[in-house]
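Undergrad: The file below is protein-v1.pdb, PDB, C-alpha atoms:
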```
ATOM      1  CA  MET A 964       3.480-102.748 137.551
ATOM      2  CA  SER A 965       3.614-104.946 140.638
ATOM      3  CA  LYS A 966       0.740-102.948 142.118
ATOM      4  CA  TYR A 967      -1.576-104.560 139.549
ATOM      5  CA  ARG A 968      -0.421-108.103 140.247
ATOM      6  CA  ASN A 969      -2.911-108.895 143.002
ATOM      7  CA  ALA A 970      -5.830-107.375 141.096
ATOM      8  CA  ILE A 971      -4.987-109.417 137.989
ATOM      9  CA  LEU A 972      -4.637-112.595 140.020
ATOM     10  CA  THR A 973      -7.990-111.919 141.661
ATOM     11  CA  LEU A 974      -9.686-111.641 138.260
ATOM     12  CA  LEU A 975      -7.979-114.795 136.978
ATOM     13  CA  THR A 976      -9.006-116.717 140.101
ATOM     14  CA  GLU A 977     -12.611-115.512 140.025
ATOM     15  CA  VAL A 978     -13.180-116.807 136.485
ATOM     16  CA  GLN A 979     -11.190-120.026 136.902
ATOM     17  CA  PRO A 980     -11.257-122.405 134.988
ATOM     18  CA  GLN A 981     -12.448-120.061 132.246
ATOM     19  CA  TYR A 982     -10.308-117.662 130.205
ATOM     20  CA  ILE A 983     -10.479-113.912 130.573
ATOM     21  CA  SER A 984      -9.235-111.648 127.829
ATOM     22  CA  GLY A 985      -6.381-109.224 128.310
ATOM     23  CA  GLN A 986      -8.668-106.443 127.111
ATOM     24  CA  MET A 987     -11.295-107.269 129.729
ATOM     25  CA  ILE A 988      -8.644-107.242 132.460
ATOM     26  CA  ALA A 989      -7.303-103.938 131.131
ATOM     27  CA  ASN A 990     -10.784-102.396 131.039
ATOM     28  CA  GLN A 991     -11.641-103.472 134.575
ATOM     29  CA  LEU A 992      -8.392-102.152 136.004
ATOM     30  CA  ASP A 993      -8.128 -99.120 133.718
ATOM     31  CA  ILE A 994      -4.664-100.085 132.501
ATOM     32  CA  SER A 995      -3.168-100.984 129.124
ATOM     33  CA  ARG A 996      -3.130-104.460 127.627
ATOM     34  CA  MET A 997       0.665-104.207 127.523
ATOM     35  CA  THR A 998       0.721-103.740 131.293
ATOM     36  CA  VAL A 999      -1.518-106.797 131.677
ATOM     37  CA  LYS A1000       0.831-108.844 129.511
ATOM     38  CA  LYS A1001       3.918-107.721 131.417
ATOM     39  CA  VAL A1002       2.370-108.605 134.775
ATOM     40  CA  ILE A1003       1.226-112.021 133.553
ATOM     41  CA  ASP A1004       4.637-112.735 132.023
ATOM     42  CA  GLN A1005       6.241-111.873 135.361
ATOM     43  CA  LEU A1006       3.851-114.185 137.211
ATOM     44  CA  LYS A1007       4.782-116.992 134.833
ATOM     45  CA  THR A1008       8.474-116.494 135.592
ATOM     46  CA  GLU A1009       7.588-116.840 139.291
ATOM     47  CA  GLY A1010       6.089-120.250 138.595
ATOM     48  CA  VAL A1011       2.398-119.350 138.478
ATOM     49  CA  SER A1012       0.765-121.625 135.887
ATOM     50  CA  ILE A1013      -1.152-119.380 133.482
ATOM     51  CA  ASP A1014      -2.251-120.268 129.938
ATOM     52  CA  SER A1015      -2.283-117.438 127.430
ATOM     53  CA  VAL A1016      -4.077-118.231 124.173
ATOM     54  CA  HIS A1017      -4.613-115.870 121.257
ATOM     55  CA  ASN A1018      -8.248-114.785 120.904
ATOM     56  CA  LYS A1019      -9.154-116.480 124.201
ATOM     57  CA  GLY A1020      -7.128-114.657 126.820
ATOM     58  CA  HIS A1021      -5.522-115.897 130.006
ATOM     59  CA  ARG A1022      -6.420-118.720 132.379
ATOM     60  CA  LEU A1023      -5.087-119.659 135.790
ATOM     61  CA  ASN A1024      -4.520-123.402 135.446
ATOM     62  CA  CYS A1025      -4.158-124.177 139.138
ATOM     63  CA  TYR A1026      -3.544-122.446 142.415
ATOM     64  CA  PRO A1027       0.060-121.297 142.895
ATOM     65  CA  ALA A1028       2.484-123.197 145.105
ATOM     66  CA  TYR A1029       2.843-120.151 147.353
ATOM     67  CA  TRP A1030       0.511-117.557 148.820
ATOM     68  CA  TYR A1031      -0.523-114.654 146.602
ATOM     69  CA  LEU A1032      -2.797-112.022 148.081
ATOM     70  CA  GLY A1033      -4.836-111.684 144.893
ATOM     71  CA  VAL A1034      -5.643-115.398 144.851
ATOM     72  CA  LEU A1035      -6.403-115.429 148.572
ATOM     73  CA  GLU A1036      -8.792-112.504 148.290
ATOM     74  CA  ALA A1037     -10.681-114.243 145.479
ATOM     75  CA  CYS A1038     -10.830-117.565 147.334
ATOM     76  CA  LEU A1039     -11.969-115.946 150.578
ATOM     77  CA  LYS A1040     -14.235-113.233 149.163
ATOM     78  CA  LYS A1041     -17.372-114.757 150.739
ATOM     79  CA  GLN A1042     -15.960-114.851 154.258
ATOM     80  CA  GLN A1043     -17.005-112.236 156.791
ATOM     81  CA  LEU A1044     -14.648-113.301 159.551
ATOM     82  CA  VAL A1045     -11.900-110.742 158.908
ATOM     83  CA  ASP A1046     -11.625-107.289 157.383
ATOM     84  CA  THR A1047      -8.146-107.580 155.905
ATOM     85  CA  ILE A1048      -5.839-110.333 154.652
ATOM     86  CA  GLN A1049      -2.058-110.176 154.581
ATOM     87  CA  ALA A1050       0.290-112.679 152.923
ATOM     88  CA  PHE A1051       4.062-113.003 153.258
ATOM     89  CA  PRO A1052       6.733-115.282 151.792
ATOM     90  CA  SER A1053       8.580-115.505 155.131
ATOM     91  CA  VAL A1054       8.215-114.031 158.627
ATOM     92  CA  THR A1055       9.615-114.788 162.051
ATOM     93  CA  SER A1056       6.076-115.761 163.032
ATOM     94  CA  THR A1057       2.605-114.682 162.014
ATOM     95  CA  GLN A1058       1.915-113.953 165.688
ATOM     96  CA  ASP A1059       4.713-111.385 165.671
ATOM     97  CA  VAL A1060       3.288-109.744 162.551
ATOM     98  CA  ALA A1061      -0.186-109.673 164.086
ATOM     99  CA  LYS A1062       0.978-108.015 167.288
ATOM    100  CA  LYS A1063       2.767-105.277 165.361
ATOM    101  CA  ALA A1064      -0.247-104.809 163.068
ATOM    102  CA  LEU A1065      -2.490-104.180 166.077
ATOM    103  CA  VAL A1066      -0.809-100.889 166.834
ATOM    104  CA  GLY A1067      -3.098 -98.095 165.708
ATOM    105  CA  HIS A1068      -5.611-100.414 164.039
ATOM    106  CA  THR A1069      -8.972-101.825 165.032
ATOM    107  CA  GLU A1070      -9.843-104.197 162.185
ATOM    108  CA  THR A1071      -9.906-107.980 162.222
ATOM    109  CA  MET A1072      -7.156-109.701 160.252
ATOM    110  CA  LEU A1073      -5.947-112.921 158.675
ATOM    111  CA  ILE A1074      -2.177-113.181 158.300
ATOM    112  CA  VAL A1075      -0.554-116.073 156.424
ATOM    113  CA  SER A1076       3.024-116.832 155.521
ATOM    114  CA  ASP A1077       4.672-119.513 153.416
ATOM    115  CA  GLU A1078       7.370-119.848 156.051
ATOM    116  CA  GLN A1079       8.048-118.998 159.673
ATOM    117  CA  THR A1080      11.641-118.790 160.818
ATOM    118  CA  GLY A1081      10.748-118.489 164.492
ATOM    119  CA  GLY A1082       7.330-120.057 164.890
ATOM    120  CA  LYS A1083       6.251-120.863 168.437
ATOM    121  CA  GLY A1084       3.540-123.059 169.887
ATOM    122  CA  ARG A1085       2.154-123.282 173.393
ATOM    123  CA  PHE A1086       4.628-122.904 176.251
ATOM    124  CA  LYS A1087       6.988-121.174 173.762
ATOM    125  CA  ARG A1088       7.939-124.447 172.102
ATOM    126  CA  PRO A1089       9.481-124.059 168.618
ATOM    127  CA  TRP A1090       7.141-124.879 165.730
ATOM    128  CA  GLN A1091       8.797-126.119 162.549
ATOM    129  CA  SER A1092       7.227-124.270 159.612
ATOM    130  CA  THR A1093       8.558-125.756 156.377
ATOM    131  CA  LYS A1094       8.324-123.332 153.454
ATOM    132  CA  GLY A1095       5.232-123.900 151.339
ATOM    133  CA  GLN A1096       4.310-127.134 153.108
ATOM    134  CA  GLY A1097       1.782-126.027 155.694
ATOM    135  CA  ILE A1098      -0.697-123.425 156.802
ATOM    136  CA  TRP A1099       1.005-120.960 159.099
ATOM    137  CA  MET A1100      -1.521-118.297 160.002
ATOM    138  CA  THR A1101      -2.822-115.926 162.630
ATOM    139  CA  LEU A1102      -6.325-114.589 163.087
ATOM    140  CA  VAL A1103      -6.915-111.313 164.877
ATOM    141  CA  LEU A1104     -10.491-111.278 166.170
ATOM    142  CA  ARG A1105     -12.258-108.715 168.301
ATOM    143  CA  PRO A1106     -15.058-110.379 170.256
ATOM    144  CA  ASP A1107     -17.191-108.169 172.487
ATOM    145  CA  ILE A1108     -17.352-110.662 175.334
ATOM    146  CA  PRO A1109     -16.629-110.853 179.073
ATOM    147  CA  PHE A1110     -13.277-112.293 180.142
ATOM    148  CA  SER A1111     -14.994-115.399 181.511
ATOM    149  CA  MET A1112     -16.103-116.518 178.037
ATOM    150  CA  LEU A1113     -12.596-116.704 176.643
ATOM    151  CA  THR A1114     -11.873-120.001 178.401
ATOM    152  CA  THR A1115     -13.958-121.894 175.828
ATOM    153  CA  PHE A1116     -12.753-120.047 172.719
ATOM    154  CA  ASN A1117     -10.047-122.626 171.994
ATOM    155  CA  LEU A1118     -12.535-125.470 172.346
ATOM    156  CA  PHE A1119     -14.837-124.105 169.651
ATOM    157  CA  ILE A1120     -11.964-123.278 167.297
ATOM    158  CA  SER A1121     -10.304-126.668 167.785
ATOM    159  CA  LEU A1122     -13.542-128.318 166.648
ATOM    160  CA  ALA A1123     -13.433-126.197 163.492
ATOM    161  CA  ILE A1124      -9.877-127.282 162.750
ATOM    162  CA  CYS A1125     -10.537-130.926 163.608
ATOM    163  CA  HIS A1126     -13.561-131.196 161.317
ATOM    164  CA  THR A1127     -11.793-129.378 158.472
ATOM    165  CA  ILE A1128      -8.798-131.713 158.576
ATOM    166  CA  GLN A1129     -11.091-134.740 158.773
ATOM    167  CA  ARG A1130     -12.459-133.870 155.314
ATOM    168  CA  TYR A1131      -9.007-134.415 153.848
ATOM    169  CA  VAL A1132      -7.976-137.703 155.495
ATOM    170  CA  LYS A1133      -9.650-141.028 156.191
ATOM    171  CA  ASP A1134      -7.823-141.729 159.439
ATOM    172  CA  LYS A1135      -9.519-140.454 162.562
ATOM    173  CA  VAL A1136      -8.690-136.873 163.557
ATOM    174  CA  GLN A1137      -8.883-136.087 167.278
ATOM    175  CA  ILE A1138      -8.314-133.256 169.736
ATOM    176  CA  LYS A1139      -5.923-133.405 172.647
ATOM    177  CA  TRP A1140      -7.473-130.965 175.102
ATOM    178  CA  PRO A1141      -7.553-128.095 174.853
ATOM    179  CA  ASN A1142      -6.413-127.425 171.286
ATOM    180  CA  ASP A1143      -3.828-129.805 169.794
ATOM    181  CA  ILE A1144      -5.046-131.767 166.783
ATOM    182  CA  TYR A1145      -3.858-135.327 166.248
ATOM    183  CA  ILE A1146      -4.082-138.011 163.593
ATOM    184  CA  GLY A1147      -3.458-141.246 165.421
ATOM    185  CA  GLU A1148      -0.737-140.695 167.994
ATOM    186  CA  ARG A1149       0.983-137.850 166.121
ATOM    187  CA  LYS A1150       0.326-134.139 166.180
ATOM    188  CA  VAL A1151      -0.792-132.501 162.941
ATOM    189  CA  CYS A1152      -1.814-129.060 164.200
ATOM    190  CA  GLY A1153      -1.424-126.790 167.155
ATOM    191  CA  PHE A1154      -2.595-123.336 167.926
ATOM    192  CA  LEU A1155      -1.802-120.607 170.351
ATOM    193  CA  THR A1156      -4.255-117.999 171.606
ATOM    194  CA  GLU A1157      -3.095-114.725 173.110
ATOM    195  CA  MET A1158      -5.221-111.876 174.399
ATOM    196  CA  VAL A1159      -4.811-108.126 174.297
ATOM    197  CA  ALA A1160      -6.979-106.442 176.924
ATOM    198  CA  ASN A1161      -7.367-103.426 179.121
ATOM    199  CA  ALA A1162      -8.884-103.276 182.569
ATOM    200  CA  ASP A1163     -12.415-103.146 181.180
ATOM    201  CA  SER A1164     -12.536-105.302 178.076
ATOM    202  CA  ILE A1165     -10.849-107.581 175.572
ATOM    203  CA  GLU A1166      -9.345-105.580 172.724
ATOM    204  CA  ALA A1167      -8.252-108.500 170.548
ATOM    205  CA  VAL A1168      -7.807-112.250 170.484
ATOM    206  CA  ILE A1169      -4.739-113.329 168.524
ATOM    207  CA  CYS A1170      -5.091-116.924 167.388
ATOM    208  CA  GLY A1171      -2.071-118.537 165.745
ATOM    209  CA  ILE A1172      -2.659-121.810 163.891
ATOM    210  CA  GLY A1173      -0.053-124.137 162.413
ATOM    211  CA  ILE A1174      -1.137-127.109 160.300
ATOM    212  CA  ASN A1175       1.305-129.605 158.797
ATOM    213  CA  VAL A1176      -0.118-130.125 155.318
ATOM    214  CA  ASN A1177       2.161-131.583 152.644
ATOM    215  CA  GLN A1178       5.307-132.614 154.508
ATOM    216  CA  GLN A1179       6.772-136.027 153.915
ATOM    217  CA  GLU A1180       8.626-137.698 156.782
ATOM    218  CA  HIS A1181      12.005-136.442 155.564
ATOM    219  CA  ASP A1182      10.740-132.862 155.890
ATOM    220  CA  PHE A1183      10.525-133.137 159.675
ATOM    221  CA  ASP A1184      13.500-132.616 161.971
ATOM    222  CA  GLU A1185      14.804-135.822 163.493
ATOM    223  CA  ASP A1186      13.331-135.081 166.902
ATOM    224  CA  LEU A1187       9.828-134.725 165.378
ATOM    225  CA  ILE A1188       9.695-137.819 163.178
ATOM    226  CA  HIS A1189       7.947-139.928 165.814
ATOM    227  CA  THR A1190       5.651-137.236 167.202
ATOM    228  CA  ALA A1191       4.550-135.123 164.194
ATOM    229  CA  THR A1192       2.544-135.938 161.108
ATOM    230  CA  SER A1193       0.956-134.159 158.162
ATOM    231  CA  LEU A1194      -2.195-134.499 156.107
ATOM    232  CA  ARG A1195      -0.071-135.730 153.179
ATOM    233  CA  LEU A1196       1.139-138.715 155.178
ATOM    234  CA  HIS A1197      -2.463-139.887 155.489
ATOM    235  CA  ARG A1198      -3.599-139.564 151.875
ATOM    236  CA  GLU A1199      -2.447-140.502 148.394
ATOM    237  CA  THR A1200      -2.176-137.024 146.877
ATOM    238  CA  PRO A1201      -0.919-133.609 148.009
ATOM    239  CA  VAL A1202      -3.398-131.161 149.514
ATOM    240  CA  GLU A1203      -4.247-127.916 147.731
ATOM    241  CA  ARG A1204      -3.462-125.340 150.421
ATOM    242  CA  TYR A1205      -5.734-122.620 149.049
ATOM    243  CA  ALA A1206      -8.704-125.005 149.133
ATOM    244  CA  LEU A1207      -7.800-126.158 152.635
ATOM    245  CA  LEU A1208      -7.493-122.586 153.875
ATOM    246  CA  GLN A1209     -10.824-121.695 152.299
ATOM    247  CA  ASP A1210     -12.515-124.638 154.049
ATOM    248  CA  LEU A1211     -10.784-123.806 157.317
ATOM    249  CA  VAL A1212     -11.803-120.147 157.339
ATOM    250  CA  THR A1213     -15.397-121.109 156.525
ATOM    251  CA  GLU A1214     -15.488-123.609 159.395
ATOM    252  CA  ILE A1215     -13.818-121.225 161.848
ATOM    253  CA  GLU A1216     -16.280-118.485 160.924
ATOM    254  CA  GLN A1217     -19.197-120.779 161.725
ATOM    255  CA  ARG A1218     -17.680-121.944 165.007
ATOM    256  CA  TYR A1219     -16.731-118.413 165.994
ATOM    257  CA  HIS A1220     -20.324-117.226 165.629
ATOM    258  CA  GLN A1221     -21.414-120.308 167.555
ATOM    259  CA  PHE A1222     -18.921-119.428 170.301
ATOM    260  CA  LEU A1223     -20.326-115.891 170.523
ATOM    261  CA  SER A1224     -23.935-117.035 170.745
ATOM    262  CA  THR A1225     -23.974-120.514 172.286
ATOM    263  CA  PRO A1226     -22.813-121.866 175.673
ATOM    264  CA  PHE A1227     -20.117-124.536 175.546
ATOM    265  CA  HIS A1228     -22.345-127.155 177.140
ATOM    266  CA  THR A1229     -24.395-127.320 173.917
ATOM    267  CA  ILE A1230     -21.384-128.691 172.019
ATOM    268  CA  LYS A1231     -19.651-130.424 174.924
ATOM    269  CA  GLN A1232     -20.606-133.931 173.826
ATOM    270  CA  GLU A1233     -19.408-133.220 170.301
ATOM    271  CA  TYR A1234     -16.066-132.143 171.722
ATOM    272  CA  ILE A1235     -15.854-135.182 173.990
ATOM    273  CA  ASP A1236     -16.558-137.504 171.064
ATOM    274  CA  VAL A1237     -13.504-136.309 169.124
ATOM    275  CA  SER A1238     -11.144-136.065 172.107
ATOM    276  CA  ASN A1239      -8.282-138.531 172.600
ATOM    277  CA  ILE A1240      -7.720-138.048 176.344
ATOM    278  CA  TRP A1241     -10.167-140.610 177.695
ATOM    279  CA  ASN A1242      -9.402-143.951 179.370
ATOM    280  CA  ARG A1243      -5.647-143.517 179.400
ATOM    281  CA  ARG A1244      -2.931-142.654 181.888
ATOM    282  CA  LEU A1245      -1.699-139.123 181.207
ATOM    283  CA  ARG A1246       0.996-136.838 182.553
ATOM    284  CA  PHE A1247      -0.261-133.362 183.422
ATOM    285  CA  THR A1248       1.953-130.315 183.847
ATOM    286  CA  GLU A1249       0.343-127.229 185.334
ATOM    287  CA  GLY A1250       2.926-124.526 185.985
ATOM    288  CA  ARG A1251       5.604-126.189 188.107
ATOM    289  CA  LYS A1252       3.270-128.925 189.293
ATOM    290  CA  GLN A1253       3.342-132.295 187.532
ATOM    291  CA  PHE A1254       1.327-135.436 188.184
ATOM    292  CA  TYR A1255      -0.082-138.537 186.502
ATOM    293  CA  GLY A1256      -3.770-139.278 186.338
ATOM    294  CA  LYS A1257      -6.897-139.942 184.297
ATOM    295  CA  VAL A1258      -9.584-137.613 183.036
ATOM    296  CA  ILE A1259     -12.909-138.434 184.614
ATOM    297  CA  GLU A1260     -15.060-135.547 183.379
ATOM    298  CA  MET A1261     -15.253-132.383 181.332
ATOM    299  CA  ASP A1262     -17.593-129.824 182.859
ATOM    300  CA  ASP A1263     -19.876-127.321 181.146
ATOM    301  CA  ASP A1264     -17.175-124.645 181.275
ATOM    302  CA  GLY A1265     -14.682-126.817 179.403
ATOM    303  CA  PHE A1266     -12.534-127.567 182.461
ATOM    304  CA  LEU A1267     -11.100-131.055 182.930
ATOM    305  CA  HIS A1268     -11.654-133.007 186.128
ATOM    306  CA  VAL A1269      -8.695-135.330 186.674
ATOM    307  CA  VAL A1270      -8.061-137.909 189.357
ATOM    308  CA  ASP A1271      -4.374-138.372 190.123
ATOM    309  CA  GLU A1272      -2.720-141.579 191.265
ATOM    310  CA  THR A1273      -3.191-140.683 194.917
ATOM    311  CA  GLY A1274      -6.931-140.162 194.465
ATOM    312  CA  ASN A1275      -6.938-136.358 194.529
ATOM    313  CA  ILE A1276      -9.226-134.504 192.115
ATOM    314  CA  HIS A1277      -7.876-131.614 190.032
ATOM    315  CA  ARG A1278      -9.989-129.160 188.021
ATOM    316  CA  LEU A1279      -7.835-127.900 185.159
ATOM    317  CA  MET A1280      -8.432-124.846 183.003
ATOM    318  CA  SER A1281      -5.202-125.336 181.053
ATOM    319  CA  ALA A1282      -2.360-127.840 181.265
ATOM    320  CA  ASP A1283       0.310-129.514 179.215
ATOM    321  CA  ILE A1284      -0.712-133.126 178.629
ATOM    322  CA  HIS A1285       1.579-135.988 177.597
ATOM    323  CA  PHE A1286       0.487-139.469 176.638
TER     324      PHE A1286
END
```
Step by step, read the file and then write its structure as structure tokens.
TA:
Amino acid sequence: MSKYRNAILTLLTEVQPQYISGQMIANQLDISRMTVKKVIDQLKTEGVSIDSVHNKGHRLNCYPAYWYLGVLEACLKKQQLVDTIQAFPSVTSTQDVAKKALVGHTETMLIVSDEQTGGKGRFKRPWQSTKGQGIWMTLVLRPDIPFSMLTTFNLFISLAICHTIQRYVKDKVQIKWPNDIYIGERKVCGFLTEMVANADSIEAVICGIGINVNQQEHDFDEDLIHTATSLRLHRETPVERYALLQDLVTEIEQRYHQFLSTPFHTIKQEYIDVSNIWNRRLRFTEGRKQFYGKVIEMDDDGFLHVVDETGNIHRLMSADIHF
């Protein structure tokens, strides 16, 4: 019976907010009306809000609190970014799932989970992934590009995330180069890009994205209260995660195609305009080297030019930056 759950949820989501009869669901899936009723009753016990009215049928009242593959597939049916979607209640990290899923497969993928028990950000820092309160996801993409192009991938994708989040909050959303997203002085999103390649080409780009969505301050660990934020803390109402994910995937798809077809210099000014690294003293960590300085330029390849406090110029492809 559970094998019909996603298909039934897809049909309910596609007709939302209208009703669809049990008979129509049964006909489309070639199952009995009793099976339809049993699946819907089970979904209700799981907390999915479904109205069932005699002579009208069934209606999904609102998106569920947690990820359901059937709902995701209906919400994201217009996207052409990925071939397959996977959804989990809990994983160590979506990056781990993605890496395992690569073995023996060549498709592009979107992997989401309601919770990560071992989420990691850049430089292997832990990423707190509160159950049902954020978007914890990984994209597996397969760009046919030279290695040299990959340096600007994060810059295009960070613009997609920045602009998506900005739709949901009034406060200014900015990027801390290369790919951390901030609201004010607190981090709301980070993402980690890993590459699988052979000697000749890139086989896959694995892009993990974590967005704090509906956390209140008490949801954050004590050591994050003053450095992390969420969309919810900058608006009056909770955010519908399915809608946010739909907007995010749409924006990423557009930016990804732009990345594949357009040099970074064509969007450089747009990136500069939403960056929060200008006109301030910053601490840069590059490997074991650490220094203080100011950003003086971003070049057409997305590298930062930084002058340190002794007057030396550094050209950085990647670094850990602290305000």
Undergrad: Considering only C-alpha atoms, can you say which of A:Lys1063, A:Lys966, A:His1126, A:His1268 comes closest to Glu1214 of chain A?
TA: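 For Glu1214 of chain A, the nearest of the given residues is A:His1126.
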Undergrad: Between A:Leu972, A:Leu992, A:Ala1064, A:Leu1208, which is the closest to Leu1023 of chain A once you count only C-alpha atoms?
TA: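 Closest to Leu1023 of chain A of all the choices is A:Leu972.
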Undergrad: Could you make a table, as a Markdown table, of the residues of segment 1139-1165 of chain A that have an atom within 10 Å of an atom of segment 1238-1251 of chain A, each with its nearest atom pair and distance in Å to one decimal, counting all atoms listed in the file, in chain and number order?
TA:
```
| residue | atom | partner | partner_atom | distance |
| --- | --- | --- | --- | --- |
| A:Lys1139 | CA | A:Asn1239 | CA | 5.6 |
| A:Trp1140 | CA | A:Ser1238 | CA | 7.0 |
| A:Pro1141 | CA | A:Ser1238 | CA | 9.2 |
| A:Asn1142 | CA | A:Ser1238 | CA | 9.9 |
| A:Asp1143 | CA | A:Ser1238 | CA | 9.9 |
| A:Ile1144 | CA | A:Ser1238 | CA | 9.2 |
| A:Tyr1145 | CA | A:Asn1239 | CA | 8.4 |
| A:Ile1146 | CA | A:Asn1239 | CA | 10.0 |
| A:Gly1147 | CA | A:Asn1239 | CA | 9.1 |
| A:Glu1148 | CA | A:Asn1239 | CA | 9.1 |
```
Undergrad: Report as a PyMOL selection string the full result of the PyMOL selection byres ((chain A and resi 1261) around 10) when it is applied to this structure.
TA: chain A and resi 1228+1231-1232+1234-1235+1258-1260+1262-1269+1278-1279
Undergrad: Quick one: everything within 10 Å of Asp1107 of chain A, counting all atoms listed in the file, minus sequence neighbours fewer than 6 positions away in the same chain. Send it as a list in words.
TA: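 Neighbouring residues, sequence-local ones excluded: Ser1164, Ile1165, Glu1166, Ala1167 and Leu1223 of chain A.
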Undergrad: Once you have the residues from the selection above, write them out as a PDB file, in the coordinates of the input, restricted to C-alpha atoms.
TA:
```pdb
ATOM      1  CA  SER A1164     -12.536-105.302 178.076  1.00  0.00           C
ATOM      2  CA  ILE A1165     -10.849-107.581 175.572  1.00  0.00           C
ATOM      3  CA  GLU A1166      -9.345-105.580 172.724  1.00  0.00           C
ATOM      4  CA  ALA A1167      -8.252-108.500 170.548  1.00  0.00           C
ATOM      5  CA  LEU A1223     -20.326-115.891 170.523  1.00  0.00           C
TER       6      LEU A1223
END
```
Undergrad: If I put a ball of radius 6 Å at (-0.5, -125.4, 162.3) in the file's coordinates, which residues poke into it when counting all atoms listed in the file, written as a PyMOL selection string?
TA: chain A and resi 1098-1099+1152-1153+1172-1175
Undergrad: Closest to Arg996 of chain A among A:His1189, A:Arg1204, A:Lys1133, A:His1021, using only C-alpha atoms?
TA: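 Of A:His1189, A:Arg1204, A:Lys1133, A:His1021, the one nearest Arg996 of chain A, counting only C-alpha atoms, is A:His1021.
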Undergrad: Generate the missing atoms of segment 1112-1125 of chain A up to N, CA, C and O atoms and report them as a short mmCIF file (atom, residue, chain, number, x, y, z; two decimals), in the coordinates of the input.
TA:
```cif
data_model
loop_
_atom_site.label_atom_id
_atom_site.label_comp_id
_atom_site.auth_asym_id
_atom_site.auth_seq_id
_atom_site.Cartn_x
_atom_site.Cartn_y
_atom_site.Cartn_z
N MET A 1112 -15.76 -115.71 179.21
CA MET A 1112 -16.10 -116.52 178.04
C MET A 1112 -14.88 -117.04 177.29
O MET A 1112 -14.96 -118.04 176.57
N LEU A 1113 -13.76 -116.38 177.46
CA LEU A 1113 -12.60 -116.70 176.64
C LEU A 1113 -12.05 -118.10 176.91
O LEU A 1113 -11.35 -118.68 176.08
N THR A 1114 -12.40 -118.68 178.06
CA THR A 1114 -11.87 -120.00 178.40
C THR A 1114 -12.34 -121.08 177.43
O THR A 1114 -11.67 -122.11 177.29
N THR A 1115 -13.46 -120.87 176.76
CA THR A 1115 -13.96 -121.89 175.83
C THR A 1115 -13.67 -121.57 174.36
O THR A 1115 -14.00 -122.36 173.48
N PHE A 1116 -13.05 -120.43 174.10
CA PHE A 1116 -12.75 -120.05 172.72
C PHE A 1116 -11.96 -121.14 172.00
O PHE A 1116 -12.31 -121.56 170.88
N ASN A 1117 -10.89 -121.61 172.63
CA ASN A 1117 -10.05 -122.63 171.99
C ASN A 1117 -10.81 -123.91 171.70
O ASN A 1117 -10.50 -124.62 170.73
N LEU A 1118 -11.79 -124.23 172.53
CA LEU A 1118 -12.54 -125.47 172.35
C LEU A 1118 -13.41 -125.41 171.10
O LEU A 1118 -13.49 -126.38 170.33
N PHE A 1119 -14.04 -124.28 170.87
CA PHE A 1119 -14.84 -124.10 169.65
C PHE A 1119 -13.94 -124.11 168.42
O PHE A 1119 -14.25 -124.78 167.42
N ILE A 1120 -12.83 -123.38 168.47
CA ILE A 1120 -11.96 -123.28 167.30
C ILE A 1120 -11.28 -124.60 167.00
O ILE A 1120 -11.09 -124.97 165.83
N SER A 1121 -10.93 -125.36 168.03
CA SER A 1121 -10.30 -126.67 167.78
C SER A 1121 -11.27 -127.62 167.09
O SER A 1121 -10.85 -128.44 166.27
N LEU A 1122 -12.56 -127.51 167.38
CA LEU A 1122 -13.54 -128.32 166.65
C LEU A 1122 -13.57 -127.93 165.17
O LEU A 1122 -13.67 -128.80 164.29
N ALA A 1123 -13.47 -126.65 164.89
CA ALA A 1123 -13.43 -126.20 163.49
C ALA A 1123 -12.24 -126.79 162.76
O ALA A 1123 -12.37 -127.29 161.63
N ILE A 1124 -11.08 -126.76 163.39
CA ILE A 1124 -9.88 -127.28 162.75
C ILE A 1124 -9.97 -128.79 162.59
O ILE A 1124 -9.64 -129.35 161.53
N CYS A 1125 -10.42 -129.46 163.64
CA CYS A 1125 -10.54 -130.93 163.61
C CYS A 1125 -11.44 -131.38 162.47
O CYS A 1125 -11.08 -132.26 161.69
#
```
